[in-house]
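Below is one structure, written out as structure tokens; the observations come after it.
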Amino acid sequence: MNDIYPFEILEFNNVKHREQVVALWKDTFGYDSARNDPEFVIDQKIAMLDGLFFVAAHKEGIVGTVMAGYDGHRGWIYALAVHPGHRKKGIASLLLSHAERRLASLGCAKINLQILRGNADVQRFYRVNGYTLEDRISMGKQIDENVSNTD
Ligand SMILES: CC(C)(COP(=O)(O)OP(=O)(O)OC[C@H]1O[C@@H](n2cnc3c(N)ncnc32)[C@H](O)[C@@H]1OP(=O)(O)O)[C@@H](O)C(=O)NCCC(=O)NCCS
């Protein structure tokens, strides 16, 4: 529990947290691709059974999320989001450091993440939290057979 602004970081619980996380992600990210549909993302993540999906719980409910992944080579951070009414209180920084510690405990030596180009505030947030811009181009490929409709 954080003393200044009371919330706690919990592992995601599909029964207790799912509905609120779906609502938060729809408001925050508003992705329209099927592969980023919150229900699909949650189902895929919990099927991994990796314990790398966390929420920030406030007395008003779930106010933040972060997902991490580790493949034995790199750690990844995804879906860091804080409810607009609860931002600038350190919630995302604590969610991020929680995920980082869990990745470190698995032996992870490097964490990567992607942000949309032009999102200067988010870049600054990650810089303050120790991340640096790297000279890379991000590429991706959708696996159509695992996505209900392509886009
Ligand atoms: C990016 C995001 C997750 C940050 O969440 P947050 O909880 O507001 O982040 P924090 O409070 O930890 O830090 C944000 C800022 O508040 C400041 N801050 C932290 N605690 C504070 C406090 N108690 N009082 C005032 N400011 C505070 C931090 O210094 C930081 O400042 P900076 O951005 O100027 O460096 C949030 O804005 C968000 O959900 N954005 C939309 C989704 C998104 O873009 N996610 C990233 C996708 S990869």
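A note on labels: chains of the structure tokens are A, B, ... as shown, every chain counts residues from 1, and ligands are counted from 1 in their shown order.
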
*Which chains and residue numbers are within 6 Å of ligand 1, counting only C-alpha atoms and all ligand atoms, if I want them as a ChimeraX atom specification?*
/A:28,79-82,87-93,115,121-122,124-125,128

*asked:* Taking 6 positions as the minimum chain separation for residues in the same chain, which residues sit within 8 Å of A:Leu10 when counting only C-alpha atoms? Answer as a ChimeraX atom specification.
replied: /A:54-57

Give the helix (DSSP H, G or I) residues of stretch 4-111 of chain A, as assigned by DSSP on the backbone, as an mmCIF file with N, CA and C atoms, in the first residue's frame.
data_model
loop_
_atom_site.group_PDB
_atom_site.id
_atom_site.type_symbol
_atom_site.label_atom_id
_atom_site.label_comp_id
_atom_site.auth_asym_id
_atom_site.auth_seq_id
_atom_site.Cartn_x
_atom_site.Cartn_y
_atom_site.Cartn_z
ATOM 1 N N ASN A 14 -8.901 -12.427 -12.879
ATOM 2 C CA ASN A 14 -9.851 -12.376 -13.991
ATOM 3 C C ASN A 14 -11.293 -12.184 -13.534
ATOM 4 N N VAL A 15 -11.643 -12.735 -12.382
ATOM 5 C CA VAL A 15 -13.020 -12.601 -11.892
ATOM 6 C C VAL A 15 -13.252 -11.201 -11.334
ATOM 7 N N LYS A 16 -12.298 -10.722 -10.525
ATOM 8 C CA LYS A 16 -12.511 -9.445 -9.835
ATOM 9 C C LYS A 16 -12.191 -8.224 -10.696
ATOM 10 N N HIS A 17 -11.231 -8.341 -11.594
ATOM 11 C CA HIS A 17 -10.692 -7.131 -12.240
ATOM 12 C C HIS A 17 -11.050 -6.979 -13.710
ATOM 13 N N ARG A 18 -11.470 -8.064 -14.341
ATOM 14 C CA ARG A 18 -11.605 -8.050 -15.807
ATOM 15 C C ARG A 18 -12.455 -6.888 -16.337
ATOM 16 N N GLU A 19 -13.656 -6.747 -15.806
ATOM 17 C CA GLU A 19 -14.586 -5.745 -16.347
ATOM 18 C C GLU A 19 -13.989 -4.340 -16.265
ATOM 19 N N GLN A 20 -13.363 -4.033 -15.123
ATOM 20 C CA GLN A 20 -12.799 -2.690 -14.945
ATOM 21 C C GLN A 20 -11.586 -2.469 -15.845
ATOM 22 N N VAL A 21 -10.795 -3.506 -16.030
ATOM 23 C CA VAL A 21 -9.619 -3.369 -16.900
ATOM 24 C C VAL A 21 -10.062 -3.165 -18.351
ATOM 25 N N VAL A 22 -11.064 -3.908 -18.783
ATOM 26 C CA VAL A 22 -11.580 -3.733 -20.146
ATOM 27 C C VAL A 22 -12.047 -2.291 -20.337
ATOM 28 N N ALA A 23 -12.784 -1.759 -19.361
ATOM 29 C CA ALA A 23 -13.279 -0.375 -19.466
ATOM 30 C C ALA A 23 -12.122 0.613 -19.496
ATOM 31 N N LEU A 24 -11.133 0.405 -18.643
ATOM 32 C CA LEU A 24 -9.970 1.310 -18.600
ATOM 33 C C LEU A 24 -9.232 1.300 -19.940
ATOM 34 N N TRP A 25 -8.999 0.120 -20.481
ATOM 35 C CA TRP A 25 -8.259 0.034 -21.751
ATOM 36 C C TRP A 25 -9.066 0.614 -22.906
ATOM 37 N N LYS A 26 -10.376 0.407 -22.898
ATOM 38 C CA LYS A 26 -11.191 0.984 -23.985
ATOM 39 C C LYS A 26 -11.094 2.502 -23.948
ATOM 40 N N ASP A 27 -11.168 3.074 -22.736
ATOM 41 C CA ASP A 27 -11.078 4.538 -22.595
ATOM 42 C C ASP A 27 -9.671 5.031 -22.923
ATOM 43 N N THR A 28 -8.660 4.312 -22.462
ATOM 44 C CA THR A 28 -7.288 4.804 -22.546
ATOM 45 C C THR A 28 -6.683 4.595 -23.925
ATOM 46 N N ALA A 34 -8.665 -6.030 -34.010
ATOM 47 C CA ALA A 34 -9.137 -7.205 -33.271
ATOM 48 C C ALA A 34 -8.065 -7.769 -32.343
ATOM 49 N N ARG A 35 -6.797 -7.706 -32.769
ATOM 50 C CA ARG A 35 -5.744 -8.296 -31.928
ATOM 51 C C ARG A 35 -5.514 -7.502 -30.651
ATOM 52 N N ASN A 36 -5.969 -6.234 -30.636
ATOM 53 C CA ASN A 36 -5.830 -5.413 -29.437
ATOM 54 C C ASN A 36 -7.126 -5.288 -28.653
ATOM 55 N N PRO A 38 -9.517 -5.649 -25.878
ATOM 56 C CA PRO A 38 -9.160 -5.968 -24.490
ATOM 57 C C PRO A 38 -9.557 -7.373 -24.046
ATOM 58 N N GLU A 39 -10.729 -7.835 -24.464
ATOM 59 C CA GLU A 39 -11.161 -9.185 -24.049
ATOM 60 C C GLU A 39 -10.195 -10.242 -24.613
ATOM 61 N N PHE A 40 -9.808 -10.073 -25.869
ATOM 62 C CA PHE A 40 -8.885 -11.003 -26.526
ATOM 63 C C PHE A 40 -7.518 -10.947 -25.851
ATOM 64 N N VAL A 41 -7.047 -9.722 -25.585
ATOM 65 C CA VAL A 41 -5.720 -9.548 -24.966
ATOM 66 C C VAL A 41 -5.690 -10.209 -23.589
ATOM 67 N N ILE A 42 -6.732 -10.000 -22.806
ATOM 68 C CA ILE A 42 -6.769 -10.590 -21.456
ATOM 69 C C ILE A 42 -6.797 -12.113 -21.543
ATOM 70 N N ASP A 43 -7.640 -12.653 -22.414
ATOM 71 C CA ASP A 43 -7.710 -14.119 -22.544
ATOM 72 C C ASP A 43 -6.349 -14.702 -22.936
ATOM 73 N N GLN A 44 -5.692 -14.040 -23.889
ATOM 74 C CA GLN A 44 -4.384 -14.535 -24.344
ATOM 75 C C GLN A 44 -3.347 -14.458 -23.223
ATOM 76 N N LYS A 45 -3.386 -13.351 -22.480
ATOM 77 C CA LYS A 45 -2.373 -13.165 -21.427
ATOM 78 C C LYS A 45 -2.559 -14.167 -20.297
ATOM 79 N N ILE A 46 -3.797 -14.318 -19.825
ATOM 80 C CA ILE A 46 -3.969 -15.213 -18.675
ATOM 81 C C ILE A 46 -3.698 -16.670 -19.065
ATOM 82 N N ALA A 47 -3.849 -16.988 -20.356
ATOM 83 C CA ALA A 47 -3.529 -18.346 -20.804
ATOM 84 C C ALA A 47 -2.030 -18.644 -20.672
ATOM 85 N N MET A 48 -1.206 -17.613 -20.609
ATOM 86 C CA MET A 48 0.242 -17.808 -20.467
ATOM 87 C C MET A 48 0.625 -18.257 -19.061
ATOM 88 N N PRO A 84 -7.496 8.486 -16.104
ATOM 89 C CA PRO A 84 -7.198 9.928 -16.161
ATOM 90 C C PRO A 84 -7.400 10.656 -14.829
ATOM 91 N N GLY A 85 -8.345 10.246 -14.038
ATOM 92 C CA GLY A 85 -8.588 10.915 -12.752
ATOM 93 C C GLY A 85 -7.574 10.574 -11.679
ATOM 94 N N HIS A 86 -6.648 9.692 -11.975
ATOM 95 C CA HIS A 86 -5.682 9.243 -10.958
ATOM 96 C C HIS A 86 -4.236 9.398 -11.439
ATOM 97 N N ILE A 91 1.351 6.448 -9.747
ATOM 98 C CA ILE A 91 0.819 5.087 -9.894
ATOM 99 C C ILE A 91 1.534 4.331 -11.020
ATOM 100 N N ALA A 92 1.696 4.975 -12.170
ATOM 101 C CA ALA A 92 2.354 4.286 -13.287
ATOM 102 C C ALA A 92 3.805 3.952 -12.949
ATOM 103 N N SER A 93 4.480 4.864 -12.272
ATOM 104 C CA SER A 93 5.885 4.604 -11.913
ATOM 105 C C SER A 93 5.984 3.384 -11.002
ATOM 106 N N LEU A 94 5.040 3.267 -10.083
ATOM 107 C CA LEU A 94 5.084 2.111 -9.182
ATOM 108 C C LEU A 94 4.690 0.821 -9.898
ATOM 109 N N LEU A 95 3.703 0.913 -10.780
ATOM 110 C CA LEU A 95 3.349 -0.280 -11.571
ATOM 111 C C LEU A 95 4.548 -0.737 -12.396
ATOM 112 N N LEU A 96 5.230 0.242 -13.009
ATOM 113 C CA LEU A 96 6.384 -0.076 -13.854
ATOM 114 C C LEU A 96 7.497 -0.709 -13.021
ATOM 115 N N SER A 97 7.809 -0.120 -11.881
ATOM 116 C CA SER A 97 8.919 -0.684 -11.088
ATOM 117 C C SER A 97 8.545 -2.054 -10.537
ATOM 118 N N HIS A 98 7.260 -2.268 -10.260
ATOM 119 C CA HIS A 98 6.819 -3.595 -9.810
ATOM 120 C C HIS A 98 7.058 -4.632 -10.916
ATOM 121 N N ALA A 99 6.641 -4.284 -12.129
ATOM 122 C CA ALA A 99 6.840 -5.203 -13.257
ATOM 123 C C ALA A 99 8.334 -5.434 -13.508
ATOM 124 N N GLU A 100 9.123 -4.357 -13.398
ATOM 125 C CA GLU A 100 10.573 -4.485 -13.615
ATOM 126 C C GLU A 100 11.198 -5.449 -12.590
ATOM 127 N N ARG A 101 10.768 -5.314 -11.338
ATOM 128 C CA ARG A 101 11.333 -6.205 -10.308
ATOM 129 C C ARG A 101 10.973 -7.654 -10.582
ATOM 130 N N ARG A 102 9.739 -7.870 -11.046
ATOM 131 C CA ARG A 102 9.342 -9.255 -11.357
ATOM 132 C C ARG A 102 10.155 -9.801 -12.528
ATOM 133 N N LEU A 103 10.390 -8.963 -13.531
ATOM 134 C CA LEU A 103 11.220 -9.407 -14.663
ATOM 135 C C LEU A 103 12.644 -9.683 -14.189
ATOM 136 N N ALA A 104 13.166 -8.792 -13.351
ATOM 137 C CA ALA A 104 14.533 -8.986 -12.836
ATOM 138 C C ALA A 104 14.629 -10.298 -12.057
ATOM 139 N N SER A 105 13.592 -10.602 -11.298
ATOM 140 C CA SER A 105 13.626 -11.829 -10.480
ATOM 141 C C SER A 105 13.638 -13.079 -11.362
#

*Please run DSSP on the backbone and report, as number ranges by chain, all residues within stretch 33-151 of chain A that come out as strand (DSSP E or B).*
A: 53-58, 61-70, 75-82, 111-113

Write the selection just made, keeping C-alpha atoms, as a compact mmCIF listing (two decimals), in the first residue's frame?
# COMPACT_ATOMS: atom_id res chain seq x y z
CA PHE A 53 -0.08 -8.89 -15.34
CA PHE A 54 -0.70 -6.37 -12.56
CA VAL A 55 -3.32 -3.83 -11.56
CA ALA A 56 -3.30 -0.82 -9.24
CA ALA A 57 -6.29 -1.10 -6.91
CA HIS A 58 -7.68 2.04 -5.26
CA GLY A 61 -11.61 0.33 -8.03
CA ILE A 62 -8.94 -0.53 -10.56
CA VAL A 63 -7.08 2.63 -11.59
CA GLY A 64 -4.06 1.26 -13.44
CA THR A 65 -2.58 -1.70 -15.28
CA VAL A 66 0.70 -3.04 -16.58
CA MET A 67 1.53 -6.24 -18.42
CA ALA A 68 5.03 -7.62 -18.78
CA GLY A 69 6.42 -10.48 -20.80
CA TYR A 70 9.66 -12.45 -20.63
CA GLY A 75 11.58 -8.48 -21.03
CA TRP A 76 8.75 -6.41 -22.45
CA ILE A 77 6.36 -3.90 -20.95
CA TYR A 78 2.86 -3.46 -22.35
CA ALA A 79 -0.46 -1.87 -21.47
CA LEU A 80 0.77 0.61 -18.89
CA ALA A 81 -2.32 2.73 -18.28
CA VAL A 82 -3.65 4.88 -15.46
CA ILE A 111 13.57 -4.57 -20.90
CA ASN A 112 12.11 -3.19 -24.13
CA LEU A 113 8.94 -1.30 -24.81

*Report the distance between atom CA of A:Ile143 and atom CA of A:Leu106 in Å, rounded to one decimal place.*
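So the answer is 27.6 Å.
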
_Point-to-point distance in Å for atom CA of A:Asp71 and atom CA of A:Cys108_ =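 Distance reported for this atom pair: 8.8 Å.
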
*At what distance in Å, to one decimal, does atom CA of A:Ala109 lie from atom CA of A:Arg127?*
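Here the two named atoms are 18.1 Å from each other.
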